[in-house]
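Undergrad: One structure follows; several queries about it will come next.
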Amino acid sequence: WQDHKEKGLLKAEYIDDNVLRLWFEEDLDVSIYELDFYPLMVEDNSGGMFEALKDRERFRLVEGDYPLIWLNPETGVYDEKAIDIAPECIRFFCEKYGQKLKAPEKGVPA
């Protein structure tokens, strides 16, 4: 993912509780969402993939660098205990559950 060509996440910021603010790269602009992960943790937790994120301290350690990433909380590195979610999945969740705070400017290709 580090040599990606597609557009992805530029930034992720912990807001409060289970809410993140997410910046997506667009052509010459950005779109910004706030996403409450609670419905994902409870309703769409297929295979328990979001179970570890119920730990609030771990949830706060989010990064947006193309995918959405939570590094291994013990080592602080990207390894087998890290969690990452592809940007297209996060965008889908944002469109389904999130609140759009900023859309790309009109006239700017999306």
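Order determines the names: the first chain of the structure tokens is A, the second B, and so forth; residues in each chain are numbered 1 upward, and ligands are numbered 1 upward as they are shown.
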Would you mind listing, for every residue of range 45-104 of chain A within 6 Å of range 29-32 of chain A, the two atoms forming the shortest contact and the distance between them in Å to one decimal, using only C-alpha atoms, sorted by chain and ascending residue number, as JSON lines?
TA:
```
{"residue": "A:Leu101", "atom": "CA", "partner": "A:Ile32", "partner_atom": "CA", "distance": 5.3}
{"residue": "A:Lys102", "atom": "CA", "partner": "A:Ile32", "partner_atom": "CA", "distance": 4.9}
{"residue": "A:Ala103", "atom": "CA", "partner": "A:Ser31", "partner_atom": "CA", "distance": 4.7}
{"residue": "A:Pro104", "atom": "CA", "partner": "A:Ser31", "partner_atom": "CA", "distance": 5.5}
```
Undergrad: Could you please take those selected residues and save N, CA and C atoms as a PDB file, in the first residue's frame?
TA:
```pdb
ATOM      1  N   LEU A 101     -18.647  16.168   6.205  1.00  0.00           N
ATOM      2  CA  LEU A 101     -18.396  17.530   6.664  1.00  0.00           C
ATOM      3  C   LEU A 101     -17.957  18.430   5.522  1.00  0.00           C
ATOM      4  N   LYS A 102     -17.293  17.850   4.534  1.00  0.00           N
ATOM      5  CA  LYS A 102     -16.826  18.634   3.394  1.00  0.00           C
ATOM      6  C   LYS A 102     -16.788  17.746   2.165  1.00  0.00           C
ATOM      7  N   ALA A 103     -17.415  18.235   1.108  1.00  0.00           N
ATOM      8  CA  ALA A 103     -17.354  17.565  -0.186  1.00  0.00           C
ATOM      9  C   ALA A 103     -16.339  18.303  -1.045  1.00  0.00           C
ATOM     10  N   PRO A 104     -15.813  17.652  -2.083  1.00  0.00           N
ATOM     11  CA  PRO A 104     -14.923  18.374  -2.995  1.00  0.00           C
ATOM     12  C   PRO A 104     -15.662  19.567  -3.598  1.00  0.00           C
TER      13      PRO A 104
END
```
Undergrad: If we count only C-alpha atoms and set the cut-off at 9 Å, which residues sit around Asp16 in chain A, ignoring sequence neighbours fewer than 3 positions away in its own chain? Please answer as a list of chain:residue names.
TA: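 Returned residues: A:Val19, A:Leu20, A:Arg60.
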Undergrad: Which is closer to Tyr38 in chain A than all the others in A:Phe92, A:Tyr97, A:Trp70, A:Tyr14, using only C-alpha atoms?
TA: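 Using only C-alpha atoms, Tyr38 in chain A sits closest to A:Tyr97.
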Undergrad: Could you pull out all residues of chain A with a DSSP call of alpha helix (DSSP H) and give them as a VMD selection string?
TA: chain A and resid 38 to 42 56 to 59 87 to 97
Undergrad: Let's have the selection written as a tab-separated table (two decimals), in the first residue's frame, with N, CA and C atoms.
TA:
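Dumped to result09.tsv:
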```tsv
chain	number	residue	atom	x	y	z
A	38	TYR	N	-19.19	2.90	16.35
A	38	TYR	CA	-20.03	2.07	17.20
A	38	TYR	C	-20.91	1.11	16.38
A	39	PRO	N	-21.63	1.59	15.34
A	39	PRO	CA	-22.44	0.64	14.56
A	39	PRO	C	-21.59	-0.46	13.92
A	40	LEU	N	-20.38	-0.14	13.52
A	40	LEU	CA	-19.51	-1.16	12.93
A	40	LEU	C	-19.10	-2.19	13.96
A	41	MET	N	-18.82	-1.74	15.17
A	41	MET	CA	-18.40	-2.64	16.25
A	41	MET	C	-19.53	-3.54	16.71
A	42	VAL	N	-20.75	-3.06	16.59
A	42	VAL	CA	-21.90	-3.81	17.10
A	42	VAL	C	-22.66	-4.52	15.99
A	56	ARG	N	-10.68	1.57	24.08
A	56	ARG	CA	-10.64	3.01	23.75
A	56	ARG	C	-9.22	3.52	23.58
A	57	GLU	N	-8.30	3.04	24.41
A	57	GLU	CA	-6.91	3.51	24.29
A	57	GLU	C	-6.31	3.11	22.94
A	58	ARG	N	-6.63	1.91	22.49
A	58	ARG	CA	-6.13	1.50	21.17
A	58	ARG	C	-6.83	2.27	20.06
A	59	PHE	N	-8.13	2.47	20.21
A	59	PHE	CA	-8.90	3.17	19.18
A	59	PHE	C	-8.34	4.57	18.94
A	87	PRO	N	-8.88	1.82	2.16
A	87	PRO	CA	-9.58	3.09	2.05
A	87	PRO	C	-10.95	2.97	1.38
A	88	GLU	N	-11.10	2.03	0.43
A	88	GLU	CA	-12.41	1.89	-0.20
A	88	GLU	C	-13.44	1.35	0.78
A	89	CYS	N	-13.02	0.51	1.73
A	89	CYS	CA	-13.93	0.02	2.78
A	89	CYS	C	-14.32	1.16	3.72
A	90	ILE	N	-13.33	1.95	4.12
A	90	ILE	CA	-13.62	3.07	5.02
A	90	ILE	C	-14.53	4.08	4.34
A	91	ARG	N	-14.31	4.34	3.04
A	91	ARG	CA	-15.20	5.27	2.33
A	91	ARG	C	-16.62	4.72	2.30
A	92	PHE	N	-16.77	3.41	2.06
A	92	PHE	CA	-18.10	2.78	2.07
A	92	PHE	C	-18.75	2.98	3.44
A	93	PHE	N	-18.00	2.72	4.53
A	93	PHE	CA	-18.55	2.90	5.87
A	93	PHE	C	-18.92	4.36	6.12
A	94	CYS	N	-18.09	5.29	5.62
A	94	CYS	CA	-18.40	6.72	5.78
A	94	CYS	C	-19.70	7.08	5.08
A	95	GLU	N	-19.88	6.55	3.87
A	95	GLU	CA	-21.10	6.86	3.12
A	95	GLU	C	-22.32	6.21	3.75
A	96	LYS	N	-22.15	5.05	4.38
A	96	LYS	CA	-23.28	4.34	5.00
A	96	LYS	C	-23.60	4.89	6.39
A	97	TYR	N	-22.58	5.15	7.21
A	97	TYR	CA	-22.79	5.52	8.61
A	97	TYR	C	-22.33	6.94	8.95
```
Undergrad: Rank nothing, just name the residue among A:Asp65, A:Lys100, A:Lys11, A:Ala82 nearest to Asp36 in chain A, using only C-alpha atoms.
TA: A:Lys100
Undergrad: Using Å and a single decimal, report how far CA of Lys7 in chain A sits from CA of Gly48 in chain A.
TA: 27.3 Å
Undergrad: Based on the backbone DSSP call, show me all residues of chain A assigned strand (DSSP E or B), as a ChimeraX atom specification.
TA: /A:9-16,19-26,29-36,62-64,66,68-70,83-85,99-102
Undergrad: Enter the distance from CA of Lys54 in chain A to CA of Leu68 in chain A, in Å, rounded to one decimal.
TA: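 Atom-to-atom, CA of Lys54 in chain A to CA of Leu68 in chain A, that is 15.8 Å.
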Undergrad: Quick check, in Å to one decimal: how far apart do CA of Leu53 in chain A and CA of Pro73 in chain A lie?
TA: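 So the two atoms, CA of Leu53 in chain A and CA of Pro73 in chain A, lie 11.0 Å apart.
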Undergrad: When you look at Pro67 in chain A with a cut-off of 8 Å (counting only C-alpha atoms), what residues show up, excluding the ones that are within fewer than 2 positions of it in the same chain? I need them as an MDAnalysis selection string.
TA: chainID A and resid 1 8:9 64:65 69 84:87
Undergrad: So that I have them on file, write out the residues from the current selection with C-alpha atoms, as a PDB file, in the first residue's frame.
TA:
```
ATOM      1  CA  TRP A   1       0.000   0.000   0.000  1.00  0.00           C
ATOM      2  CA  GLY A   8      -6.930   6.998  -0.145  1.00  0.00           C
ATOM      3  CA  LEU A   9      -6.950   8.493   3.307  1.00  0.00           C
ATOM      4  CA  GLY A  64      -4.685   7.629   8.178  1.00  0.00           C
ATOM      5  CA  ASP A  65      -1.960   6.976   5.629  1.00  0.00           C
ATOM      6  CA  ILE A  69      -4.257   1.935  10.543  1.00  0.00           C
ATOM      7  CA  ASP A  84      -5.618  -1.876   8.796  1.00  0.00           C
ATOM      8  CA  ILE A  85      -8.702  -1.217   6.734  1.00  0.00           C
ATOM      9  CA  ALA A  86      -8.569  -0.443   3.018  1.00  0.00           C
ATOM     10  CA  PRO A  87      -9.583   3.094   2.045  1.00  0.00           C
TER      11      PRO A  87
END
```
Undergrad: Go through A:Phe37, A:Leu28, A:Thr75, A:Ala12 and flag the residue nearest Glu51 in chain A, using only C-alpha atoms for the distances.
TA: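 Counting only C-alpha atoms, the residue closest to Glu51 in chain A is A:Phe37.
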